[in-house]
file data.txt (compact mmCIF, C-alpha atoms)
# COMPACT_ATOMS: atom_id res chain seq x y z
CA MET L 18 76.11 83.20 18.09
CA SER L 19 73.39 80.58 17.63
CA ARG L 20 69.91 80.75 16.16
CA PHE L 21 68.58 80.06 19.65
CA ASP L 22 70.25 83.03 21.41
CA ARG L 23 67.00 84.85 22.07
CA GLN L 24 65.52 81.90 23.93
CA THR L 25 68.63 80.67 25.74
CA ILE L 26 68.98 84.12 27.38
CA LEU L 27 65.51 83.66 28.92
CA PRO L 28 66.04 83.11 32.66
CA ASP L 29 63.93 79.93 33.08
CA PHE L 30 64.72 78.49 29.68
CA GLY L 31 68.48 78.86 29.32
CA ILE L 32 71.01 76.53 27.71
CA GLN L 33 69.42 73.68 29.64
CA GLY L 34 66.00 74.20 28.09
CA GLN L 35 67.60 74.31 24.67
CA GLU L 36 69.46 71.08 25.28
CA LYS L 37 66.23 69.40 26.29
CA LEU L 38 64.59 70.53 23.05
CA SER L 39 67.46 69.40 20.86
CA GLY L 40 67.45 66.00 22.56
CA ALA L 41 63.69 65.57 22.07
CA LYS L 42 61.80 63.58 19.47
CA VAL L 43 58.34 64.86 18.60
CA LEU L 44 55.79 63.28 16.26
CA VAL L 45 53.26 65.49 14.51
CA VAL L 46 50.33 63.50 13.14
CA GLY L 47 48.63 65.42 10.35
CA ALA L 48 50.54 68.12 8.46
CA GLY L 49 47.43 70.21 7.81
CA GLY L 50 45.90 73.32 9.33
CA LEU L 51 47.10 72.50 12.85
CA GLY L 52 50.23 70.60 11.86
CA CYS L 53 51.75 73.34 9.67
CA PRO L 54 52.03 76.05 12.36
CA ALA L 55 52.88 73.48 15.04
CA LEU L 56 55.69 72.04 12.91
CA LEU L 57 57.01 75.47 12.02
CA HIS L 58 57.31 76.52 15.65
CA ILE L 59 58.76 73.33 17.11
CA ALA L 60 61.33 73.28 14.28
CA ALA L 61 62.16 76.96 14.73
CA ALA L 62 62.55 76.39 18.48
CA GLY L 63 65.06 73.62 17.81
CA VAL L 64 63.33 70.32 18.64
CA GLY L 65 66.04 67.87 17.58
CA THR L 66 64.01 65.18 15.83
CA ILE L 67 60.60 65.74 14.25
CA GLY L 68 58.45 63.04 12.70
CA ILE L 69 55.77 64.11 10.22
CA ALA L 70 53.00 61.58 9.56
CA ASP L 71 50.52 62.34 6.79
CA GLY L 72 49.35 60.27 3.83
CA ASP L 73 47.54 63.12 2.11
CA THR L 74 48.47 65.38 -0.80
CA ILE L 75 48.11 69.15 -0.94
CA SER L 76 44.98 70.54 -2.56
CA GLU L 77 44.29 74.15 -3.46
CA SER L 78 41.56 74.51 -0.83
CA ASN L 79 44.18 73.70 1.85
CA LEU L 80 46.15 76.87 1.15
CA ASN L 81 44.09 79.26 3.33
CA ARG L 82 45.38 77.54 6.45
CA GLN L 83 48.14 75.05 5.65
CA THR L 84 50.80 77.70 5.65
CA LEU L 85 53.88 75.61 4.86
CA TYR L 86 52.52 75.09 1.34
CA GLY L 87 52.04 77.40 -1.63
CA GLN L 88 50.30 77.38 -4.97
CA ALA L 89 53.17 75.47 -6.63
CA ASP L 90 52.83 72.61 -4.10
CA VAL L 91 49.29 71.59 -5.08
CA GLY L 92 49.26 67.85 -5.77
CA LYS L 93 52.46 67.15 -3.81
CA PRO L 94 52.53 64.90 -0.74
CA LYS L 95 52.16 66.81 2.53
CA ALA L 96 54.67 65.00 4.75
CA GLN L 97 57.53 65.24 2.24
CA THR L 98 56.74 68.83 1.28
CA ALA L 99 56.52 70.02 4.90
CA ALA L 100 59.81 68.28 5.73
CA SER L 101 61.61 69.74 2.73
CA VAL L 102 60.39 73.32 3.41
CA LEU L 103 61.44 73.09 7.07
CA GLN L 104 64.73 71.28 6.38
CA GLN L 105 65.77 74.12 4.14
CA LYS L 106 65.04 76.66 6.87
CA TYR L 107 66.49 74.63 9.76
CA PRO L 108 69.26 72.24 8.64
CA ASP L 109 70.03 71.31 12.25
CA VAL L 110 66.71 69.49 12.75
CA ALA L 111 66.39 65.81 11.81
CA PHE L 112 63.09 65.21 9.99
CA ARG L 113 61.55 61.77 9.64
CA ILE L 114 58.92 61.44 6.98
CA ILE L 115 56.06 59.00 7.54
CA PRO L 116 54.21 59.38 4.22
CA GLN L 117 51.12 57.46 5.29
CA PHE L 118 48.13 57.71 7.57
CA LEU L 119 48.48 56.09 10.96
CA THR L 120 46.45 52.89 11.35
CA PRO L 121 45.90 50.48 14.24
CA GLU L 122 48.52 48.27 12.59
CA ASN L 123 51.34 50.85 12.42
CA ALA L 124 50.45 53.47 15.08
CA LEU L 125 52.07 51.84 18.12
CA GLU L 126 55.31 51.18 16.29
CA VAL L 127 55.54 54.73 14.90
CA ILE L 128 54.53 56.49 18.14
CA SER L 129 56.85 54.44 20.37
CA GLU L 130 59.87 56.11 18.71
CA TYR L 131 58.92 59.55 20.04
CA ASP L 132 58.79 61.39 23.38
CA LEU L 133 55.68 63.37 22.57
CA VAL L 134 52.85 63.37 20.02
CA LEU L 135 50.91 66.30 18.56
CA ASP L 136 47.49 65.40 17.14
CA GLY L 137 46.59 67.62 14.20
CA THR L 138 44.31 65.15 12.43
CA ASP L 139 40.91 65.93 10.98
CA ASN L 140 38.61 63.06 11.92
CA PHE L 141 37.28 61.38 15.05
CA GLY L 142 38.35 57.87 14.08
CA THR L 143 42.04 58.83 13.95
CA ARG L 144 41.75 61.02 17.05
CA TYR L 145 40.44 58.15 19.17
CA MET L 146 43.03 55.80 17.70
CA ILE L 147 45.93 58.16 18.50
CA ASN L 148 44.50 58.77 21.98
CA ASP L 149 44.28 55.06 22.75
CA ALA L 150 47.75 54.36 21.33
CA CYS L 151 49.33 57.14 23.41
CA PHE L 152 47.44 55.96 26.51
CA LEU L 153 48.70 52.40 26.05
CA LEU L 154 52.26 53.63 25.50
CA GLY L 155 52.10 56.28 28.25
CA LYS L 156 53.11 59.01 25.75
CA PRO L 157 52.16 62.63 26.35
CA LEU L 158 49.71 63.76 23.65
CA ILE L 159 48.92 67.35 22.76
CA MET L 160 45.49 67.48 21.15
CA GLY L 161 44.31 70.37 19.02
CA ALA L 162 40.96 70.43 17.23
CA ILE L 163 38.79 72.98 15.47
CA TYR L 164 35.25 73.45 14.23
CA GLN L 165 34.32 76.53 12.20
CA TYR L 166 35.10 79.40 14.61
CA GLU L 167 36.02 77.38 17.70
CA GLY L 168 39.06 75.45 18.85
CA GLN L 169 40.08 73.03 21.59
CA LEU L 170 43.45 72.29 23.14
CA ALA L 171 44.47 69.67 25.73
CA VAL L 172 47.54 67.83 26.98
CA PHE L 173 46.90 64.17 27.74
CA ASN L 174 48.86 61.50 29.63
CA TYR L 175 50.96 64.12 31.39
CA GLY L 176 51.27 65.30 34.98
CA GLU L 177 49.63 64.01 38.13
CA ASP L 178 46.47 61.90 37.62
CA PRO L 179 46.64 62.54 33.90
CA ILE L 180 43.55 62.50 31.71
CA ASN L 181 43.03 61.42 28.13
CA TYR L 182 40.47 62.16 25.40
CA ARG L 183 38.13 59.40 26.58
CA ASP L 184 37.84 61.05 29.97
CA VAL L 185 36.31 64.04 28.21
CA TYR L 186 34.46 62.24 25.41
CA PRO L 187 34.16 58.54 26.35
CA HIS L 188 33.16 57.29 22.93
CA PRO L 189 33.30 58.57 19.36
CA PRO L 190 30.14 60.22 18.05
CA SER L 191 28.01 58.11 15.76
CA SER L 192 28.30 59.05 12.11
CA ASN L 193 25.12 61.11 12.14
CA GLU L 194 26.53 63.31 14.88
CA ILE L 195 29.51 64.35 12.83
CA PRO L 196 29.12 67.60 10.98
CA ASN L 197 32.63 67.30 9.57
CA CYS L 198 31.63 64.35 7.46
CA SER L 199 30.91 66.96 4.86
CA GLU L 200 33.43 69.75 4.59
CA THR L 201 32.87 72.68 6.87
CA GLY L 202 34.31 76.14 6.51
CA VAL L 203 37.20 77.49 8.54
CA LEU L 204 39.15 80.73 8.73
CA GLY L 205 42.80 79.79 8.26
CA VAL L 206 43.92 81.79 11.26
CA LEU L 207 41.95 79.52 13.66
CA PRO L 208 44.07 76.36 13.17
CA GLY L 209 47.03 78.77 12.95
CA LEU L 210 46.34 79.81 16.50
CA ILE L 211 45.44 76.39 17.93
CA GLY L 212 48.41 74.71 16.18
CA THR L 213 50.71 77.39 17.58
CA LEU L 214 49.29 76.71 21.05
CA GLN L 215 50.03 72.99 20.56
CA ALA L 216 53.65 73.90 19.72
CA THR L 217 53.75 76.17 22.79
CA GLU L 218 52.65 73.39 25.13
CA ALA L 219 55.14 71.02 23.45
CA ILE L 220 58.02 73.43 24.04
CA LYS L 221 56.93 74.00 27.67
CA LEU L 222 56.52 70.30 28.37
CA LEU L 223 59.92 69.43 26.89
CA SER L 224 61.91 72.34 28.32
CA GLY L 225 60.22 72.41 31.72
CA VAL L 226 59.27 76.08 31.41
CA GLY L 227 55.97 77.15 32.97
CA THR L 228 52.95 75.00 33.78
CA VAL L 229 51.61 72.64 31.14
CA LEU L 230 47.86 72.65 30.46
CA SER L 231 47.18 69.21 31.94
CA ASN L 232 43.89 67.89 33.37
CA LYS L 233 42.07 70.66 31.53
CA ILE L 234 40.67 71.45 28.12
CA LEU L 235 41.04 74.92 26.73
CA PHE L 236 38.26 76.24 24.51
CA TYR L 237 38.69 79.23 22.21
CA ASN L 238 35.97 81.13 20.41
CA LEU L 239 37.29 83.22 17.54
CA LYS L 240 34.15 85.33 17.14
CA THR L 241 34.06 86.51 20.75
CA THR L 242 37.82 86.33 21.38
CA SER L 243 37.14 84.26 24.46
CA PHE L 244 39.15 81.49 26.06
CA PHE L 245 37.84 79.26 28.81
CA GLU L 246 39.23 76.25 30.60
CA ILE L 247 37.28 73.21 31.74
CA LYS L 248 38.67 70.77 34.28
CA ALA L 249 38.30 67.04 33.73
CA GLU L 250 39.18 63.89 35.60
CA ALA L 251 39.41 60.18 34.89
CA ASN L 252 36.18 58.73 33.49
CA PRO L 253 35.94 54.97 34.20
CA GLU L 254 33.31 54.52 31.49
CA GLY L 255 35.61 56.04 28.88
CA ARG L 256 38.67 54.12 30.04
CA LYS L 257 36.80 50.82 29.67
CA LYS L 258 36.57 51.55 25.95
CA ILE L 259 40.35 51.75 25.48
CA PRO L 260 41.71 48.43 24.15
CA VAL L 261 43.22 46.50 27.07
CA SER L 262 46.42 45.50 25.31
CA LYS L 263 48.56 46.33 22.28
CA GLU L 264 47.21 43.24 20.57
CA ALA L 265 43.62 44.31 21.21
CA PHE L 266 44.50 47.79 19.91
CA LYS L 267 45.84 46.40 16.64
CA ALA L 268 42.61 44.46 16.13
CA ALA L 269 40.32 47.41 17.00
CA ASN L 270 38.21 49.15 14.38
CA TYR L 271 38.39 52.95 14.54
CA GLU L 272 36.59 53.70 11.32
CA ILE L 273 33.51 55.87 11.51
CA ASN L 274 31.53 55.95 8.32
CA CYS L 275 29.51 58.99 7.52
CA GLY L 276 25.82 58.22 7.39
CA VAL L 277 24.31 58.37 3.93
CA ALA L 278 20.66 59.20 3.50
CA GLU L 279 19.16 60.19 0.21
CA SER L 280 16.58 62.89 -0.21
CA ILE L 281 13.36 62.65 -2.18
CA SER L 282 10.96 65.19 -3.72
CA TRP L 283 7.44 65.83 -2.38
CA GLU L 284 5.92 64.49 -5.58
CA LYS L 285 7.79 61.20 -5.29
CA ALA L 286 7.18 61.00 -1.57
CA PHE L 287 3.38 61.06 -2.06
CA ASP L 288 3.63 58.79 -5.09
CA TRP L 289 5.53 56.18 -3.07
CA THR L 290 3.25 56.48 -0.08
CA ARG L 291 0.19 55.85 -2.25
CA ASN L 292 1.59 53.23 -4.56
CA LEU L 293 4.48 51.39 -2.97
CA LYS L 294 3.80 48.60 -0.55
CA ASN L 295 5.02 49.00 3.01
CA SER L 296 5.67 52.72 2.63
CA VAL L 297 5.11 55.37 5.24
CA LEU L 298 5.37 59.16 5.18
CA ILE L 299 6.20 60.57 8.60
CA ASP L 300 6.00 64.08 9.99
CA ILE L 301 8.86 64.10 12.53
CA ARG L 302 8.18 67.61 13.83
CA GLU L 303 7.13 67.97 17.43
CA LEU L 304 3.35 67.80 17.87
CA ASN L 305 2.86 71.50 18.62
CA GLU L 306 4.80 72.80 15.61
CA GLU L 307 3.15 75.06 13.03
CA PRO L 308 1.80 74.68 10.43
CA GLY L 309 -0.34 71.82 11.65
CA VAL L 310 -0.92 69.11 9.05
CA GLU L 311 -4.15 67.12 8.83
CA ASN L 312 -3.71 64.41 6.24
CA SER L 313 -4.63 60.77 6.55
CA GLU L 314 -1.65 59.76 4.42
CA ILE L 315 0.79 61.15 6.98
CA GLU L 316 1.90 59.57 10.23
CA LYS L 317 3.04 61.79 13.04
CA ILE L 318 6.01 60.54 15.04
CA PRO L 319 8.03 63.38 16.60
CA MET L 320 11.81 63.13 16.33
CA SER L 321 12.06 63.17 20.13
CA VAL L 322 10.07 59.91 20.13
CA LEU L 323 11.65 58.37 17.06
CA VAL L 324 15.21 58.67 18.36
CA LYS L 325 14.28 56.52 21.36
CA ASP L 326 11.66 54.16 20.00
CA GLN L 327 11.48 52.81 16.47
CA THR L 328 8.81 50.14 17.01
CA GLN L 329 6.26 52.13 14.98
CA ILE L 330 8.38 52.03 11.83
CA GLU L 331 9.84 48.56 12.10
CA THR L 332 7.27 46.93 9.83
CA PHE L 333 7.75 49.42 6.97
CA GLU L 334 10.13 48.95 4.09
CA ASN L 335 10.18 52.48 2.64
CA ILE L 336 10.36 55.21 5.23
CA LEU L 337 9.96 58.82 4.14
CA LEU L 338 10.59 61.53 6.71
CA PHE L 339 9.87 65.23 6.62
CA CYS L 340 10.16 68.22 8.93
CA LYS L 341 9.90 71.98 8.48
CA SER L 342 12.99 72.60 6.35
CA GLY L 343 14.46 69.16 5.67
CA ALA L 344 17.42 69.51 8.07
CA ARG L 345 16.09 67.41 10.94
CA SER L 346 14.58 64.79 8.65
CA GLN L 347 17.94 64.42 6.89
CA LYS L 348 19.70 63.83 10.23
CA MET L 349 16.98 61.48 11.42
CA ALA L 350 17.10 59.53 8.14
CA GLU L 351 20.85 59.13 8.51
CA GLU L 352 20.46 57.87 12.04
CA LEU L 353 17.75 55.40 11.08
CA LYS L 354 19.79 54.24 8.09
CA ILE L 355 22.51 53.11 10.51
CA LYS L 356 19.99 51.19 12.60
CA PHE L 357 18.12 49.75 9.62
CA PRO L 358 20.63 49.49 6.78
CA GLU L 359 18.34 47.16 4.83
CA LYS L 360 15.40 49.62 4.72
CA LYS L 361 14.93 52.43 2.23
CA ILE L 362 14.96 55.63 4.25
CA PHE L 363 14.54 59.04 2.67
CA SER L 364 14.30 62.64 3.78
CA VAL L 365 11.84 64.85 1.89
CA GLU L 366 13.93 67.62 0.44
CA GLY L 367 13.28 71.12 1.77
CA GLY L 368 10.48 69.95 4.08
CA ILE L 369 7.22 71.82 4.46
CA LEU L 370 8.83 75.09 3.41
CA HIS L 371 9.91 73.72 0.02
CA PRO L 372 8.23 75.64 -2.86
CA SER L 373 6.67 72.46 -4.22
CA SER L 374 5.40 71.30 -0.85
CA PRO L 375 1.66 70.58 -0.89
CA LEU L 376 1.58 71.12 2.88
CA LYS L 377 2.83 74.69 2.77
CA LYS L 378 0.26 77.12 4.07
CA GLU L 379 0.74 80.68 2.94
CA ASN L 380 -0.86 82.08 6.09
CA HIS L 381 1.79 80.61 8.27
CA GLY L 382 4.53 82.18 6.19
CA ALA L 383 8.02 80.80 5.92
CA MET M 13 27.95 73.59 16.61
CA LEU M 14 25.56 73.35 19.53
CA ALA M 15 25.06 77.07 19.33
CA GLU M 16 23.81 76.62 15.76
CA LYS M 17 21.29 74.06 16.86
CA LEU M 18 20.07 76.07 19.81
CA GLU M 19 20.35 79.30 17.86
CA ALA M 20 22.13 80.95 20.78
CA SER M 21 25.51 80.53 22.40
CA GLU M 22 24.42 81.57 25.88
CA PHE M 23 21.11 81.66 27.65
CA GLN M 24 19.56 81.57 31.10
CA PHE M 25 17.13 78.89 32.13
CA PRO M 26 14.97 78.29 35.18
CA TYR M 27 16.14 76.40 38.22
CA TYR M 28 16.44 72.67 37.85
CA GLN M 29 17.34 70.38 40.73
CA ASN M 30 20.06 68.50 38.97
CA THR M 31 21.84 68.05 35.67
CA LYS M 32 19.62 65.15 34.61
CA GLU M 33 16.50 67.26 34.90
CA LEU M 34 18.21 70.11 33.09
CA LEU M 35 19.26 67.85 30.21
CA ASP M 36 15.80 66.28 29.97
CA ARG M 37 14.19 69.72 29.74
CA LEU M 38 16.75 70.94 27.25
CA LYS M 39 16.24 67.90 25.05
CA ALA M 40 12.48 68.28 25.23
CA LYS M 41 12.82 71.89 24.12
CA TYR M 42 15.54 71.19 21.54
CA PRO M 43 15.03 67.65 20.18
CA GLN M 44 18.03 68.23 17.92
CA LEU M 45 20.20 67.69 21.00
CA GLU M 46 19.28 64.02 20.97
CA SER M 47 21.51 63.43 18.00
CA GLN M 48 24.42 65.42 19.37
CA ASN M 49 27.38 64.15 21.33
CA PHE M 50 28.55 66.54 24.05
CA SER M 51 29.96 66.66 27.55
CA LEU M 52 28.46 68.71 30.33
CA ALA M 53 30.42 71.02 32.61
CA VAL M 54 29.15 72.59 35.82
CA ASN M 55 31.20 75.58 36.93
CA GLN M 56 34.06 74.74 34.58
CA GLN M 57 34.31 71.11 35.69
CA ILE M 58 33.15 68.20 33.54
CA VAL M 59 30.55 66.10 35.36
CA GLN M 60 30.05 62.43 34.56
CA GLU M 61 27.09 61.65 36.80
CA ASN M 62 23.84 63.37 37.66
CA THR M 63 24.87 66.40 39.72
CA ALA M 64 22.79 68.51 42.10
CA LEU M 65 22.37 72.18 41.18
CA ASN M 66 21.63 75.20 43.36
CA GLY M 67 20.58 77.51 40.55
CA ASN M 68 23.65 79.74 40.26
CA GLU M 69 25.90 77.44 38.30
CA GLU M 70 27.42 78.09 34.93
CA ILE M 71 26.54 75.13 32.74
CA ALA M 72 28.44 74.42 29.53
CA LEU M 73 27.55 71.96 26.78
CA LEU M 74 30.80 70.97 25.16
CA PRO M 75 30.72 69.17 21.81
CA PRO M 76 33.85 67.44 20.53
CA PHE M 77 35.60 68.96 17.51
CA SER M 78 37.31 66.86 14.91
CA GLY M 79 38.69 69.41 12.47
CA GLY M 80 42.38 69.93 11.90

call {"tool": "encode", "arguments": {"input": "data.txt", "output": "structure tokens"}}
result
Amino acid sequence: MSRFDRQTILPDFGIQGQEKLSGAKVLVVGAGGLGCPALLHIAAAGVGTIGIADGDTISESNLNRQTLYGQADVGKPKAQTAASVLQQKYPDVAFRIIPQFLTPENALEVISEYDLVLDGTDNFGTRYMINDACFLLGKPLIMGAIYQYEGQLAVFNYGEDPINYRDVYPHPPSSNEIPNCSETGVLGVLPGLIGTLQATEAIKLLSGVGTVLSNKILFYNLKTTSFFEIKAEANPEGRKKIPVSKEAFKAANYEINCGVAESISWEKAFDWTRNLKNSVLIDIRELNEEPGVENSEIEKIPMSVLVKDQTQIETFENILLFCKSGARSQKMAEELKIKFPEKKIFSVEGGILHPSSPLKKENHGA
Amino acid sequence: MLAEKLEASEFQFPYYQNTKELLDRLKAKYPQLESQNFSLAVNQQIVQENTALNGNEEIALLPPFSGG
């Protein structure tokens, strides 16, 4: 009797499949929402050697989805805690703890020890770094990612004419395009599902059972219970962005800093426009948007123009942007801040709809 | 995340000759798309270049996710 009886009696899996799993070395990067369920299932299935890389500690807000941890683990390091929980359950698995975040300096060395990598990280910088490292090393990579109620799954560097993340998304988004720079909400069951799918593809790839999801990306929408697959192929533009050598990889910068733009009140915005030299107050709404504003102190440069052409603002030192609710002007300010780090760029808080807005017209409602 | 910006997850739009025209029109209608990174799929296949359309295709705008 072995703990694997119920899978070794499966016709395609058998003793052979089990032997392949127990001989395999799998690295899970990120022991969080995706990593916890993925680790649990590859360990339960009997993957022989499992590396866990995470430099983070457990916080209480992790507990809705990071299911290897409980209330008593808050404050403890993730990699060690995950390994100790799983070691107790499955003494036959060899766990290797990498209690740090992967970096361009250590990633190639760590990854080269394994047959397969699961990406369960939570930021674009690390995702692109792991992708490029696995591409350079020719390691299969199982990518899982989530946003609010949606998830993505893909298997890279595996099968005929394999694809990688840069074939789908050639370059990382700029910081202003990243909603996850601030924390977003997530139902714990979503990474539970996507992480379990990552473990499923890992077990299939290693044991040879079934057809691995290669050359495709699977999308899942929790709200509509819908799955759909998108096919992808090599993208030369994306591949050009992968460092050409291991040396170039180690020297590459994968950090993406979140854009920072401060907001300002209407009162201050008008005060600055009137009294500070080189200041400009800009309505970035599209020209046909209601309510119309007729005010000689306000410039009108729609966002659709401003994203492409900044010549009109180049001479100003203090740039104050507003829109209807403050959301677009905040984004635009962050984008401009990246292009003009030396300028003072502000978004007027709450926009035209803000209670203290002098431009609000009752007739046009909210 | 694109659905939030467009305030709908699915919609029909008129016939455009190719994906470039479609994206230009979409961005004109939804300027928020300018500051969004996404890939475009035509009939469940990611397209990298401007692609001709016949009007019956299923088009998907696919943003990257980073959460874990």

call {"tool": "residues_around", "arguments": {"input": "data.txt", "residues": "Ala41 of chain L", "least_positions_apart": "6", "cutoff": "12 Å", "atoms": "all atoms listed in the file", "output": "PyMOL selection string"}}
result
chain L and resi 34-35+59-60+62-68+110-111+130-134+219-220+222-224

call {"tool": "residues_around", "arguments": {"input": "data.txt", "residues": "Leu38 of chain M", "least_positions_apart": "6", "cutoff": "10 Å", "atoms": "only C-alpha atoms", "output": "JSON list (two decimals) with C-alpha atoms, keeping the file's coordinate frame"}}
result
[["chain", "number", "residue", "atom", "x", "y", "z"],
["M", 18, "LEU", "CA", 20.07, 76.07, 19.81],
["M", 25, "PHE", "CA", 17.13, 78.89, 32.13],
["M", 32, "LYS", "CA", 19.62, 65.15, 34.61],
["M", 44, "GLN", "CA", 18.03, 68.23, 17.92],
["M", 45, "LEU", "CA", 20.20, 67.69, 21.00],
["M", 46, "GLU", "CA", 19.28, 64.02, 20.97]]

call {"tool": "residues_near_point", "arguments": {"input": "data.txt", "point": "(20.6, 58.1, 37.5)", "cutoff": "12 Å", "atoms": "all atoms listed in the file", "output": "list in words"}}
result
Asn30, Thr31, Lys32, Glu33, Gln60, Glu61, Asn62, Thr63 and Ala64 of chain M

call {"tool": "interface_residues", "arguments": {"input": "data.txt", "of": "chain L", "to": "chain M", "cutoff": "7 Å", "atoms": "all atoms listed in the file", "output": "PyMOL selection string"}}
result
chain L and resi 49-51+137-141+162-164+185-186+190+194+208+246-249+320-321

call {"tool": "residues_around", "arguments": {"input": "data.txt", "residues": "segment 226-241 of chain L", "least_positions_apart": "3", "cutoff": "7 Å", "atoms": "all atoms listed in the file", "output": "list in words"}}
result
Asp29, Phe30, Tyr166, Glu167, Gly168, Gln169, Leu170, Ala171, Val172, Phe173, Tyr175, Gly176, Pro179, Ile180, Glu218, Lys221, Leu222, Phe244, Phe245, Glu246, Ile247, Lys248, Ala249 and Glu250 of chain L

call {"tool": "atom_distance", "arguments": {"input": "data.txt", "atom1": "atom CA of Lys95 of chain L", "atom2": "atom CA of Leu57 of chain L"}}
result
13.7 Å

call {"tool": "atom_distance", "arguments": {"input": "data.txt", "atom1": "atom CA of Ser21 of chain M", "atom2": "atom CA of Leu207 of chain L"}}
result
18.6 Å

call {"tool": "residues_around", "arguments": {"input": "data.txt", "residues": "Pro121 of chain L", "least_positions_apart": "3", "cutoff": "10 Å", "atoms": "all atoms listed in the file", "output": "number ranges by chain"}}
result
L: 124-126, 143, 146-147, 149-150, 263-271

call {"tool": "write_last_selection", "arguments": {"input": "data.txt", "atoms": "C-alpha atoms", "output": "CSV table (one decimal), in the coordinates of the input"}}
result
chain,number,residue,atom,x,y,z
L,124,ALA,CA,50.4,53.5,15.1
L,125,LEU,CA,52.1,51.8,18.1
L,126,GLU,CA,55.3,51.2,16.3
L,143,THR,CA,42.0,58.8,14.0
L,146,MET,CA,43.0,55.8,17.7
L,147,ILE,CA,45.9,58.2,18.5
L,149,ASP,CA,44.3,55.1,22.8
L,150,ALA,CA,47.8,54.4,21.3
L,263,LYS,CA,48.6,46.3,22.3
L,264,GLU,CA,47.2,43.2,20.6
L,265,ALA,CA,43.6,44.3,21.2
L,266,PHE,CA,44.5,47.8,19.9
L,267,LYS,CA,45.8,46.4,16.6
L,268,ALA,CA,42.6,44.5,16.1
L,269,ALA,CA,40.3,47.4,17.0
L,270,ASN,CA,38.2,49.2,14.4
L,271,TYR,CA,38.4,53.0,14.5

call {"tool": "closest_residue", "arguments": {"input": "data.txt", "among": "L:Phe118, L:Phe363, L:Phe333, L:Tyr145", "to": "Lys294 of chain L", "atoms": "all atoms listed in the file"}}
result
L:Phe333

call {"tool": "atom_distance", "arguments": {"input": "data.txt", "atom1": "atom CA of Ile299 of chain L", "atom2": "atom CA of Arg37 of chain M"}}
result
24.4 Å
